[in-house]
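Reproduced below: target00.txt, with compact mmCIF, C-alpha atoms.
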# COMPACT_ATOMS: atom_id res chain seq x y z
CA MET A 1 92.92 -3.58 -65.63
CA LYS A 2 89.27 -3.44 -64.52
CA ARG A 3 90.11 -1.62 -61.31
CA PHE A 4 92.31 0.84 -63.19
CA PHE A 5 89.48 1.64 -65.59
CA VAL A 6 86.99 2.13 -62.76
CA GLY A 7 89.38 4.49 -60.98
CA ILE A 8 89.93 6.58 -64.10
CA LEU A 9 86.18 6.78 -64.69
CA ALA A 10 85.54 7.95 -61.16
CA VAL A 11 88.22 10.61 -61.35
CA ALA A 12 86.69 11.85 -64.59
CA LEU A 13 83.31 12.09 -62.94
CA PHE A 14 84.29 14.32 -60.07
CA ALA A 15 86.84 16.38 -61.98
CA GLY A 16 84.73 17.43 -64.92
CA CYS A 17 82.01 19.67 -63.50
CA THR A 18 79.38 17.35 -64.90
CA SER A 19 76.07 16.75 -63.19
CA THR A 20 74.06 13.74 -62.12
CA GLU A 21 70.29 13.50 -61.92
CA GLY A 22 70.64 15.19 -58.53
CA LEU A 23 73.86 17.02 -57.67
CA LYS A 24 76.51 18.82 -59.64
CA MET A 25 80.02 17.36 -59.47
CA VAL A 26 82.89 19.79 -59.08
CA ASN A 27 86.57 19.79 -58.19
CA PRO A 28 87.15 19.72 -54.42
CA ASP A 29 89.06 23.02 -54.39
CA GLN A 30 86.00 24.80 -55.75
CA CYS A 31 84.34 24.04 -52.42
CA GLY A 32 87.24 24.82 -50.11
CA ILE A 33 88.62 21.27 -49.95
CA ASN A 34 92.25 20.40 -50.65
CA PRO A 35 92.16 17.73 -53.38
CA VAL A 36 95.61 16.35 -52.56
CA LYS A 37 94.75 15.83 -48.90
CA LEU A 38 91.35 14.43 -49.82
CA SER A 39 92.94 11.84 -52.13
CA GLN A 40 94.60 10.30 -49.07
CA VAL A 41 91.38 8.35 -48.63
CA ASP A 42 92.44 6.18 -51.56
CA PRO A 43 95.32 4.23 -49.97
CA VAL A 44 93.32 3.79 -46.75
CA ILE A 45 90.36 2.21 -48.56
CA GLU A 46 92.65 0.22 -50.84
CA ALA A 47 94.47 -1.19 -47.82
CA ALA A 48 91.17 -2.47 -46.42
CA ILE A 49 90.54 -4.21 -49.74
CA LYS A 50 94.03 -5.66 -49.88
CA ASP A 51 93.81 -7.16 -46.39
CA GLY A 52 90.45 -8.76 -47.20
CA THR A 53 88.31 -6.63 -44.88
CA ILE A 54 86.06 -5.64 -47.78
CA PRO A 55 85.96 -6.64 -51.44
CA GLY A 56 85.30 -3.08 -52.58
CA ALA A 57 83.74 0.28 -51.80
CA VAL A 58 82.21 3.45 -53.16
CA LEU A 59 82.94 6.81 -51.55
CA SER A 60 81.10 10.08 -52.06
CA VAL A 61 82.03 13.36 -50.40
CA VAL A 62 79.45 16.14 -50.53
CA ARG A 63 79.92 19.84 -49.76
CA ASP A 64 76.65 21.73 -49.42
CA ASP A 65 74.87 20.82 -52.68
CA LYS A 66 77.79 19.49 -54.72
CA ILE A 67 79.65 16.20 -54.97
CA VAL A 68 83.38 16.86 -54.74
CA TYR A 69 84.60 13.25 -54.76
CA LEU A 70 82.99 10.11 -56.13
CA LYS A 71 85.05 6.99 -56.58
CA ALA A 72 84.69 3.23 -56.80
CA TYR A 73 87.28 0.82 -55.41
CA GLY A 74 87.90 -2.89 -55.80
CA ASN A 75 85.13 -5.33 -56.61
CA LYS A 76 81.42 -5.39 -56.01
CA GLN A 77 81.33 -9.18 -56.18
CA VAL A 78 83.84 -12.00 -55.73
CA VAL A 79 81.46 -15.01 -55.54
CA PRO A 80 80.55 -16.76 -57.77
CA ASP A 81 82.37 -14.44 -60.22
CA THR A 82 84.53 -11.37 -59.80
CA VAL A 83 82.86 -8.14 -60.92
CA ALA A 84 84.49 -4.70 -60.63
CA MET A 85 82.86 -2.05 -58.45
CA THR A 86 81.18 0.90 -60.15
CA THR A 87 80.02 4.21 -58.72
CA ASP A 88 76.37 3.45 -59.53
CA ALA A 89 76.34 0.20 -57.54
CA MET A 90 73.36 -0.20 -55.22
CA PHE A 91 74.07 -1.41 -51.70
CA ASP A 92 71.88 -3.09 -49.10
CA LEU A 93 71.87 -0.21 -46.60
CA ALA A 94 70.88 -2.43 -43.64
CA SER A 95 70.27 -0.17 -40.61
CA LEU A 96 71.03 2.99 -42.55
CA SER A 97 67.49 2.30 -43.83
CA LYS A 98 66.28 3.41 -40.40
CA CYS A 99 67.41 6.93 -41.27
CA VAL A 100 66.78 7.43 -44.97
CA GLY A 101 63.63 5.30 -45.14
CA THR A 102 61.81 5.12 -41.83
CA THR A 103 62.92 8.32 -40.08
CA LEU A 104 62.53 10.71 -43.02
CA SER A 105 59.11 9.23 -43.73
CA PHE A 106 58.01 9.28 -40.11
CA MET A 107 59.12 12.87 -39.50
CA GLN A 108 56.84 13.89 -42.35
CA LEU A 109 53.91 12.48 -40.39
CA VAL A 110 54.96 14.50 -37.34
CA GLU A 111 55.34 17.61 -39.49
CA ASN A 112 51.90 17.04 -41.03
CA GLY A 113 50.19 16.71 -37.65
CA GLN A 114 49.33 13.04 -38.08
CA VAL A 115 51.34 11.94 -35.06
CA ARG A 116 53.11 13.66 -32.20
CA LEU A 117 56.45 12.67 -30.77
CA ILE A 118 54.89 12.49 -27.30
CA ASP A 119 52.05 10.20 -28.40
CA ASN A 120 51.89 6.86 -26.66
CA VAL A 121 52.60 3.95 -28.98
CA ASN A 122 49.40 2.22 -27.85
CA ARG A 123 47.43 5.04 -29.44
CA PHE A 124 48.29 3.47 -32.79
CA ILE A 125 48.98 -0.13 -31.72
CA PRO A 126 46.33 -0.69 -29.03
CA ASP A 127 47.80 -3.80 -27.38
CA PHE A 128 51.31 -2.37 -27.09
CA LYS A 129 52.51 -3.12 -23.54
CA PRO A 130 53.96 -0.42 -21.25
CA TRP A 131 57.02 -0.74 -19.05
CA VAL A 132 56.09 -1.89 -15.56
CA ASN A 133 58.24 -0.89 -12.59
CA PRO A 134 59.21 -4.20 -10.95
CA GLN A 135 59.29 -2.61 -7.48
CA THR A 136 56.14 -0.48 -7.50
CA GLY A 137 54.07 -1.88 -10.34
CA GLU A 138 53.82 1.59 -11.91
CA ARG A 139 53.00 1.43 -15.62
CA ILE A 140 54.80 3.90 -17.89
CA HIS A 141 53.75 3.98 -21.51
CA ILE A 142 56.33 3.96 -24.30
CA GLU A 143 56.10 7.04 -26.51
CA VAL A 144 56.87 7.52 -30.20
CA ARG A 145 59.97 9.55 -29.38
CA ASP A 146 61.30 6.68 -27.26
CA LEU A 147 61.33 4.49 -30.34
CA LEU A 148 63.17 7.09 -32.43
CA THR A 149 65.90 7.60 -29.80
CA HIS A 150 66.22 3.91 -28.89
CA THR A 151 65.26 4.69 -25.31
CA SER A 152 62.09 2.57 -25.24
CA GLY A 153 63.73 -0.36 -23.46
CA LEU A 154 62.57 -2.90 -26.04
CA ASP A 155 64.75 -5.92 -26.70
CA SER A 156 67.36 -5.21 -29.34
CA TYR A 157 66.29 -7.96 -31.75
CA TYR A 158 64.40 -11.20 -32.22
CA ASN A 159 66.09 -14.14 -33.87
CA GLY A 160 64.86 -14.60 -37.44
CA ASP A 161 65.13 -18.38 -37.52
CA ARG A 162 63.25 -18.62 -34.24
CA PHE A 163 60.54 -16.38 -35.66
CA VAL A 164 60.15 -18.62 -38.72
CA ARG A 165 59.91 -21.73 -36.56
CA ARG A 166 57.09 -20.11 -34.57
CA PHE A 167 55.15 -18.25 -37.23
CA GLY A 168 56.48 -19.08 -40.69
CA GLU A 169 57.98 -16.71 -43.26
CA ASN A 170 56.62 -13.31 -44.29
CA GLN A 171 54.28 -12.84 -41.34
CA PRO A 172 54.48 -9.10 -40.53
CA ASP A 173 51.29 -9.12 -38.45
CA SER A 174 52.73 -11.82 -36.21
CA LEU A 175 55.95 -9.82 -35.86
CA ILE A 176 54.27 -6.65 -34.62
CA ARG A 177 52.05 -8.65 -32.25
CA LEU A 178 55.17 -10.26 -30.87
CA ILE A 179 56.80 -6.86 -30.34
CA ALA A 180 53.64 -5.37 -28.85
CA THR A 181 52.90 -8.13 -26.36
CA GLU A 182 55.90 -10.40 -25.77
CA VAL A 183 59.36 -8.90 -26.16
CA GLY A 184 61.11 -7.47 -23.14
CA ARG A 185 60.72 -3.99 -21.72
CA ASN A 186 64.16 -3.78 -20.16
CA HIS A 187 64.22 -0.34 -18.56
CA GLU A 188 62.09 2.71 -17.91
CA PRO A 189 61.62 4.71 -21.12
CA LYS A 190 64.08 7.62 -21.59
CA LYS A 191 66.31 6.50 -18.71
CA ASP A 192 68.64 4.19 -20.61
CA HIS A 193 69.52 3.12 -24.12
CA ILE A 194 69.24 -0.17 -26.02
CA TYR A 195 69.77 0.07 -29.76
CA SER A 196 66.84 -1.91 -31.13
CA CYS A 197 65.64 -2.94 -34.57
CA LEU A 198 62.28 -3.62 -32.94
CA ASN A 199 61.85 0.12 -32.28
CA PHE A 200 61.88 0.82 -35.99
CA ILE A 201 59.67 -2.09 -36.95
CA THR A 202 57.20 -0.57 -34.50
CA LEU A 203 57.56 2.85 -36.15
CA GLN A 204 56.95 1.15 -39.50
CA ASN A 205 53.66 -0.22 -38.23
CA ILE A 206 52.56 3.11 -36.76
CA LEU A 207 53.21 4.76 -40.13
CA GLN A 208 51.31 2.05 -41.95
CA ASN A 209 48.35 2.26 -39.58
CA ILE A 210 48.17 6.04 -40.03
CA THR A 211 48.69 6.25 -43.79
CA GLY A 212 47.20 2.97 -45.00
CA GLN A 213 50.35 2.51 -47.09
CA LYS A 214 53.21 0.09 -46.68
CA LEU A 215 56.39 1.81 -45.54
CA CYS A 216 58.13 0.85 -48.78
CA ASP A 217 55.41 2.54 -50.83
CA TYR A 218 55.17 5.62 -48.62
CA ALA A 219 58.94 6.22 -48.63
CA GLN A 220 59.12 5.71 -52.38
CA GLU A 221 56.31 8.18 -53.08
CA HIS A 222 57.00 10.85 -50.48
CA VAL A 223 60.79 10.77 -50.07
CA PHE A 224 62.69 8.97 -52.83
CA ASP A 225 60.55 10.07 -55.78
CA VAL A 226 60.22 13.63 -54.49
CA LEU A 227 64.02 13.91 -54.45
CA GLY A 228 64.27 12.39 -57.92
CA LEU A 229 66.19 9.34 -56.74
CA LYS A 230 66.36 6.69 -59.46
CA HIS A 231 68.43 4.09 -57.64
CA THR A 232 66.85 3.99 -54.18
CA CYS A 233 64.07 1.61 -53.22
CA TYR A 234 62.97 -1.36 -51.18
CA MET A 235 62.96 -4.76 -52.93
CA PRO A 236 64.72 -3.76 -56.18
CA LYS A 237 63.49 -5.39 -59.37
CA GLY A 238 64.27 -5.47 -63.06
CA ASP A 239 67.29 -3.52 -64.24
CA LEU A 240 68.05 -2.32 -60.71
CA LEU A 241 68.90 -5.89 -59.68
CA ASN A 242 71.91 -5.77 -62.01
CA LEU A 243 73.29 -2.86 -60.00
CA CYS A 244 72.89 -4.50 -56.59
CA VAL A 245 75.97 -5.43 -54.60
CA PRO A 246 75.80 -9.01 -53.26
CA THR A 247 75.94 -9.71 -49.55
CA GLU A 248 76.48 -12.96 -47.67
CA VAL A 249 76.76 -16.31 -49.43
CA GLN A 250 73.87 -18.57 -48.44
CA ALA A 251 73.64 -22.34 -47.93
CA ASN A 252 73.15 -22.85 -51.68
CA GLY A 253 76.58 -21.35 -52.36
CA LEU A 254 75.21 -18.14 -53.86
CA PRO A 255 75.09 -14.68 -52.30
CA LEU A 256 71.97 -12.66 -51.65
CA ILE A 257 71.46 -10.11 -54.42
CA GLY A 258 68.63 -7.60 -54.15
CA GLU A 259 67.22 -9.35 -51.08
CA VAL A 260 67.74 -7.65 -47.74
CA HIS A 261 70.42 -9.31 -45.63
CA ASP A 262 68.80 -8.63 -42.26
CA PRO A 263 66.98 -11.82 -41.16
CA LEU A 264 63.93 -10.18 -39.58
CA ALA A 265 63.45 -7.80 -42.50
CA ARG A 266 63.80 -10.63 -45.01
CA LEU A 267 62.17 -13.59 -43.29
CA ALA A 268 59.46 -11.96 -41.17
CA ASN A 269 58.66 -8.74 -43.03
CA GLY A 270 59.25 -9.83 -46.61
CA GLY A 271 61.61 -6.92 -47.39
CA ASN A 272 59.25 -4.15 -46.28
CA SER A 273 60.69 -3.35 -42.88
CA GLY A 274 61.36 -0.38 -40.66
CA ASN A 275 64.77 -1.59 -39.52
CA ALA A 276 66.35 -2.49 -42.88
CA GLY A 277 65.50 -3.03 -46.53
CA VAL A 278 66.49 0.09 -48.48
CA PHE A 279 68.88 -0.33 -51.39
CA SER A 280 70.65 2.77 -52.68
CA ASN A 281 73.82 4.09 -54.25
CA ALA A 282 76.28 6.79 -53.29
CA GLU A 283 74.90 9.45 -55.62
CA ASP A 284 71.34 9.10 -54.35
CA LEU A 285 72.48 9.18 -50.73
CA SER A 286 74.46 12.31 -51.60
CA VAL A 287 71.20 13.95 -52.67
CA ILE A 288 69.59 13.03 -49.34
CA ALA A 289 72.61 14.41 -47.46
CA ALA A 290 72.50 17.64 -49.45
CA ALA A 291 68.79 18.03 -48.75
CA LEU A 292 69.40 17.68 -45.01
CA MET A 293 72.32 20.12 -45.08
CA ASN A 294 70.10 22.60 -46.90
CA GLY A 295 67.20 22.51 -44.47
CA GLY A 296 65.21 19.64 -45.98
CA ALA A 297 65.19 20.62 -49.66
CA ILE A 298 67.41 20.30 -52.71
CA ASN A 299 66.92 21.36 -56.32
CA GLY A 300 63.56 22.84 -55.39
CA ASN A 301 62.32 19.56 -53.96
CA ARG A 302 61.43 19.60 -50.27
CA ILE A 303 60.95 16.55 -48.04
CA LEU A 304 61.11 18.24 -44.61
CA SER A 305 61.00 21.77 -43.20
CA PRO A 306 64.15 23.38 -41.75
CA LEU A 307 62.75 23.22 -38.21
CA THR A 308 61.92 19.54 -38.63
CA VAL A 309 65.47 18.82 -39.75
CA GLU A 310 66.86 20.79 -36.82
CA THR A 311 64.66 18.90 -34.35
CA MET A 312 65.45 15.54 -35.92
CA ALA A 313 69.18 16.21 -35.72
CA THR A 314 69.27 17.36 -32.09
CA VAL A 315 69.69 15.16 -29.03
CA PRO A 316 66.43 15.75 -27.10
CA ASP A 317 66.61 17.23 -23.62
CA TYR A 318 64.13 14.67 -22.29
CA ILE A 319 66.59 11.78 -22.46
CA GLU A 320 69.75 11.29 -20.44
CA PRO A 321 72.44 13.47 -22.08
CA TRP A 322 75.03 10.69 -22.18
CA ILE A 323 72.82 8.66 -24.54
CA GLY A 324 73.61 11.00 -27.41
CA ARG A 325 70.93 9.81 -29.85
CA ALA A 326 68.97 12.19 -32.04
CA LEU A 327 65.62 11.28 -33.62
CA GLY A 328 66.36 8.29 -35.82
CA TRP A 329 70.02 9.26 -36.20
CA ASP A 330 73.10 8.95 -34.05
CA ASN A 331 74.71 12.12 -32.82
CA TYR A 332 77.38 11.55 -30.17
CA SER A 333 76.51 8.17 -28.65
CA ASP A 334 79.22 5.62 -27.98
CA ALA A 335 78.51 4.22 -31.45
CA ALA A 336 79.13 7.54 -33.22
CA GLY A 337 82.86 7.06 -33.60
CA ILE A 338 82.39 6.80 -37.35
CA ARG A 339 82.32 10.59 -37.58
CA GLY A 340 85.99 10.63 -36.57
CA ASP A 341 87.67 13.30 -34.48
CA PHE A 342 87.05 16.57 -36.33
CA PHE A 343 83.44 16.86 -37.46
CA SER A 344 81.08 18.84 -35.23
CA ARG A 345 80.09 16.86 -32.14
CA ASP A 346 76.64 18.34 -31.68
CA LYS A 347 75.70 19.18 -35.27
CA THR A 348 76.73 15.96 -37.00
CA ILE A 349 74.25 13.16 -37.56
CA CYS A 350 75.43 9.76 -38.69
CA HIS A 351 74.50 6.11 -38.91
CA THR A 352 75.88 2.77 -39.99
CA GLY A 353 74.47 -0.35 -41.57
CA TYR A 354 75.45 -3.86 -40.55
CA THR A 355 76.37 -4.77 -44.13
CA GLY A 356 79.12 -2.14 -44.15
CA THR A 357 77.38 1.09 -45.15
CA SER A 358 77.66 4.46 -43.41
CA MET A 359 76.62 8.08 -43.74
CA ILE A 360 77.98 11.14 -41.91
CA VAL A 361 76.32 14.54 -42.31
CA ASP A 362 77.91 17.57 -40.62
CA LEU A 363 75.10 20.12 -40.70
CA GLU A 364 77.32 22.89 -39.35
CA ASN A 365 80.18 22.55 -41.85
CA LYS A 366 77.86 21.39 -44.66
CA THR A 367 79.98 18.32 -45.43
CA ALA A 368 78.84 14.73 -45.83
CA VAL A 369 80.71 11.45 -46.18
CA ILE A 370 78.98 8.42 -47.69
CA LEU A 371 81.09 5.27 -47.52
CA LEU A 372 79.46 2.15 -48.90
CA THR A 373 81.04 -1.27 -48.54
CA SER A 374 79.77 -4.84 -48.44
CA ARG A 375 81.80 -6.21 -45.58
CA VAL A 376 79.49 -9.27 -45.37
CA HIS A 377 80.44 -10.46 -48.86
CA PRO A 378 81.24 -13.24 -49.35
CA VAL A 379 81.14 -14.00 -45.60
CA ASP A 380 80.18 -12.00 -42.53
CA LYS A 381 83.55 -11.33 -40.97
CA GLY A 382 85.08 -7.96 -41.82
CA SER A 383 84.97 -4.87 -39.59
CA VAL A 384 84.94 -1.38 -41.06
CA THR A 385 84.64 0.55 -37.79
CA ARG A 386 88.15 1.99 -37.93
CA LEU A 387 88.04 2.52 -41.69
CA ARG A 388 84.95 4.72 -41.39
CA ALA A 389 86.63 6.98 -38.83
CA GLN A 390 89.86 7.13 -40.84
CA VAL A 391 87.99 8.27 -43.94
CA ALA A 392 85.99 10.81 -41.91
CA ASN A 393 89.18 12.30 -40.48
CA ILE A 394 90.82 12.59 -43.89
CA VAL A 395 87.75 14.31 -45.35
CA ALA A 396 87.40 16.70 -42.41
CA GLY A 397 91.14 17.39 -42.43
CA SER A 398 91.02 18.31 -46.11
CA ILE A 399 88.60 21.22 -45.52
CA GLU A 400 90.59 24.44 -45.80
CA ASP A 401 87.82 27.02 -46.15
CA LEU A 402 84.76 26.58 -43.96
CA ASN A 403 82.81 29.15 -45.94
CA LYS A 404 83.80 28.56 -49.55
CA GLY A 405 81.10 26.82 -51.52
CA VAL A 406 78.68 26.89 -48.59
CA ASN A 407 75.50 28.92 -49.02

Hey, can you dump this file as C-alpha cells for me?
Amino acid sequence: MKRFFVGILAVALFAGCTSTEGLKMVNPDQCGINPVKLSQVDPVIEAAIKDGTIPGAVLSVVRDDKIVYLKAYGNKQVVPDTVAMTTDAMFDLASLSKCVGTTLSFMQLVENGQVRLIDNVNRFIPDFKPWVNPQTGERIHIEVRDLLTHTSGLDSYYNGDRFVRRFGENQPDSLIRLIATEVGRNHEPKKDHIYSCLNFITLQNILQNITGQKLCDYAQEHVFDVLGLKHTCYMPKGDLLNLCVPTEVQANGLPLIGEVHDPLARLANGGNSGNAGVFSNAEDLSVIAAALMNGGAINGNRILSPLTVETMATVPDYIEPWIGRALGWDNYSDAAGIRGDFFSRDKTICHTGYTGTSMIVDLENKTAVILLTSRVHPVDKGSVTRLRAQVANIVAGSIEDLNKGVN
C-alpha cells in the first residue's frame, strides 16, 4: 500500500504542471518526449528492487528547464525499519559530490581569476611533490587541471582505517600533508589516467587556501544557495536529517544516516571533503542540471558563465584523447557507460557516486537523467552499472522531438 501511494503521488507531481522551488513540472509530451515510452523505466527500476540490487530509487528526467518525470520507487530504508521512498529523499551523493560541490565551486575561482587551470598545485600547497621521471630524474609539476581530469598520477585512495591508526579521526591537515608529500605519483601528468579521490581532496584544499572558507561553506553560499536549493548541503542537520536515505549498516547494527559513507571524507575530513560529502535530492539536482544545460544559469540565478560551462564540459586537448575526462566530469571515458548508447558522446557530461547515485546531462539535446539509489543499504553489495545505462537508453529513446521544449 505504501509503495502504491508513493507511485500515485509521483505521477501526480509530474502530470499536473505544478512547480517546485526550482523547476516547473510538465507532462513529457509537452517537451517532445513520448510518455508511454518513458514509462518503460518503471519495470526496469522495479526489477532491480525486486531482485534485491537496491531497496529503492528516485528518478528525475529534465528537459531544458522543466522536470518531465519525477518518481519514487520502493523503500528508502529497510534496516532497522522499513520506510517508503519519497521524491524529496536526500541521498549521500558520494563521488557525485566531486561535480556538484567541488567542481562547480572551483570553476568559479577560475572564472573569477583567483586560480588558473595551468597553475602548479605547489603554488597553493607549497610542499606538494612533483612527479619525478625514474629514468632521467626530471621533475614535472602537477597542475590544477591535472587534478580535475584525474591525470595527475596520484594514488586513487588512502585507506580510512589506516589513516585513523596513524593520525586519528578528523585530521584534515594531516590528510593534505599526506597527499602532498607521501602518496604515490604513478605516472607523468596528462599522459595517463587514475581516477583518484585524492585529486579532489587536493582541490578542496586549494579552494580553502584561496578563499579562507571551508569547501562546505563556500559551496553552500556560492552554488547551492544561489540556485535556491533547499535540500542540498554537506553534513545535514535538523529537519533535513529526517529526509536522508540511510547507507551501510555499521558495527552497531544501525545504518549511517546523514553522515557521509566515504571513509576518508567521514573519518579524516569530518564530512567536509572534496571527494564526497554532499547530500541532495532529485529535484535539487534537476535544478543544477538545468542550469548547466542553460549555460550556467536558471531562473535568473547564475553560477557559471556559458564559456565556463563549455570549457568544463569538454575533454581538454592537452590530455591523451582516449582518457575522455572533462574538467571534474566524465565525458566518454571507459567509466562513462552510464550515459547509455544514444546520448551525445562529446556533449554529455556524467558522473556516478559509489553509494548508487548518478547524473547524466546531455548539453546538446538538453536532457538530463538523475537516478538516485542507495545500493549500499543495508550492505555494500549491489551493482547499478547496467541499470543506469538501461534507464539512460529508455529516456533517450523516448525523445521524439529534439527541438520541442528546448530554448

Sorted by chain and rising residue number, list the residues of segment 62-159 of chain A at most 10 Å from segment 318-324 of chain A (counting all atoms listed in the file), each with its closest atom pair and distance in Å to one decimal, as CSV.
residue,atom,partner,partner_atom,distance
A:Arg145,CA,A:Tyr318,CA,9.7
A:Asp146,CA,A:Ile319,CA,8.8
A:Thr149,CA,A:Ile319,CA,8.5
A:His150,CA,A:Ile323,CA,9.2
A:Thr151,CA,A:Ile319,CA,7.8

Self-check item: Exercise: His187 of chain A partners within 10 Å, only C-alpha atoms, chain neighbours under 6 positions left out, as a PyMOL selection string
Solution: chain A and resi 131-134+151-155+193-194

Output C-alpha atoms for every residue in that selection, as a CSV table (one decimal), keeping the file's coordinate frame.
chain,number,residue,atom,x,y,z
A,131,TRP,CA,57.0,-0.7,-19.0
A,132,VAL,CA,56.1,-1.9,-15.6
A,133,ASN,CA,58.2,-0.9,-12.6
A,134,PRO,CA,59.2,-4.2,-11.0
A,151,THR,CA,65.3,4.7,-25.3
A,152,SER,CA,62.1,2.6,-25.2
A,153,GLY,CA,63.7,-0.4,-23.5
A,154,LEU,CA,62.6,-2.9,-26.0
A,155,ASP,CA,64.8,-5.9,-26.7
A,193,HIS,CA,69.5,3.1,-24.1
A,194,ILE,CA,69.2,-0.2,-26.0

Quiz prompt | Test item: residues at most 7 Å from Phe91 of chain A, all atoms listed in the file, excluding those fewer than 3 positions along its chain, as a PyMOL selection string | solution = chain A and resi 244-245+279-281

Quiz item: Which one is closest to Pro246 of chain A: A:Glu259, A:Asp64, A:Glu283, A:Asp29? Count only C-alpha atoms.
Solution: A:Glu259

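Nearest to Asp127 of chain A of all the residues A:Leu104, A:Leu178, A:Val315, A:Cys99 is A:Leu178, based on all atoms listed in the file.
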
(81.5, -4.6, -44.5) in this file's frame - what residues fall within 7 Å of it? Use all atoms listed in the file and give the answer as a short mmCIF file (atom, residue, chain, number, x, y, z; two decimals) with C-alpha atoms, in the frame of the given file.
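Ended up saving to result_7.cif:
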data_model
loop_
_atom_site.label_atom_id
_atom_site.label_comp_id
_atom_site.auth_asym_id
_atom_site.auth_seq_id
_atom_site.Cartn_x
_atom_site.Cartn_y
_atom_site.Cartn_z
CA ILE A 54 86.06 -5.64 -47.78
CA THR A 355 76.37 -4.77 -44.13
CA GLY A 356 79.12 -2.14 -44.15
CA THR A 373 81.04 -1.27 -48.54
CA SER A 374 79.77 -4.84 -48.44
CA ARG A 375 81.80 -6.21 -45.58
CA VAL A 376 79.49 -9.27 -45.37
CA GLY A 382 85.08 -7.96 -41.82
CA SER A 383 84.97 -4.87 -39.59
CA VAL A 384 84.94 -1.38 -41.06
#
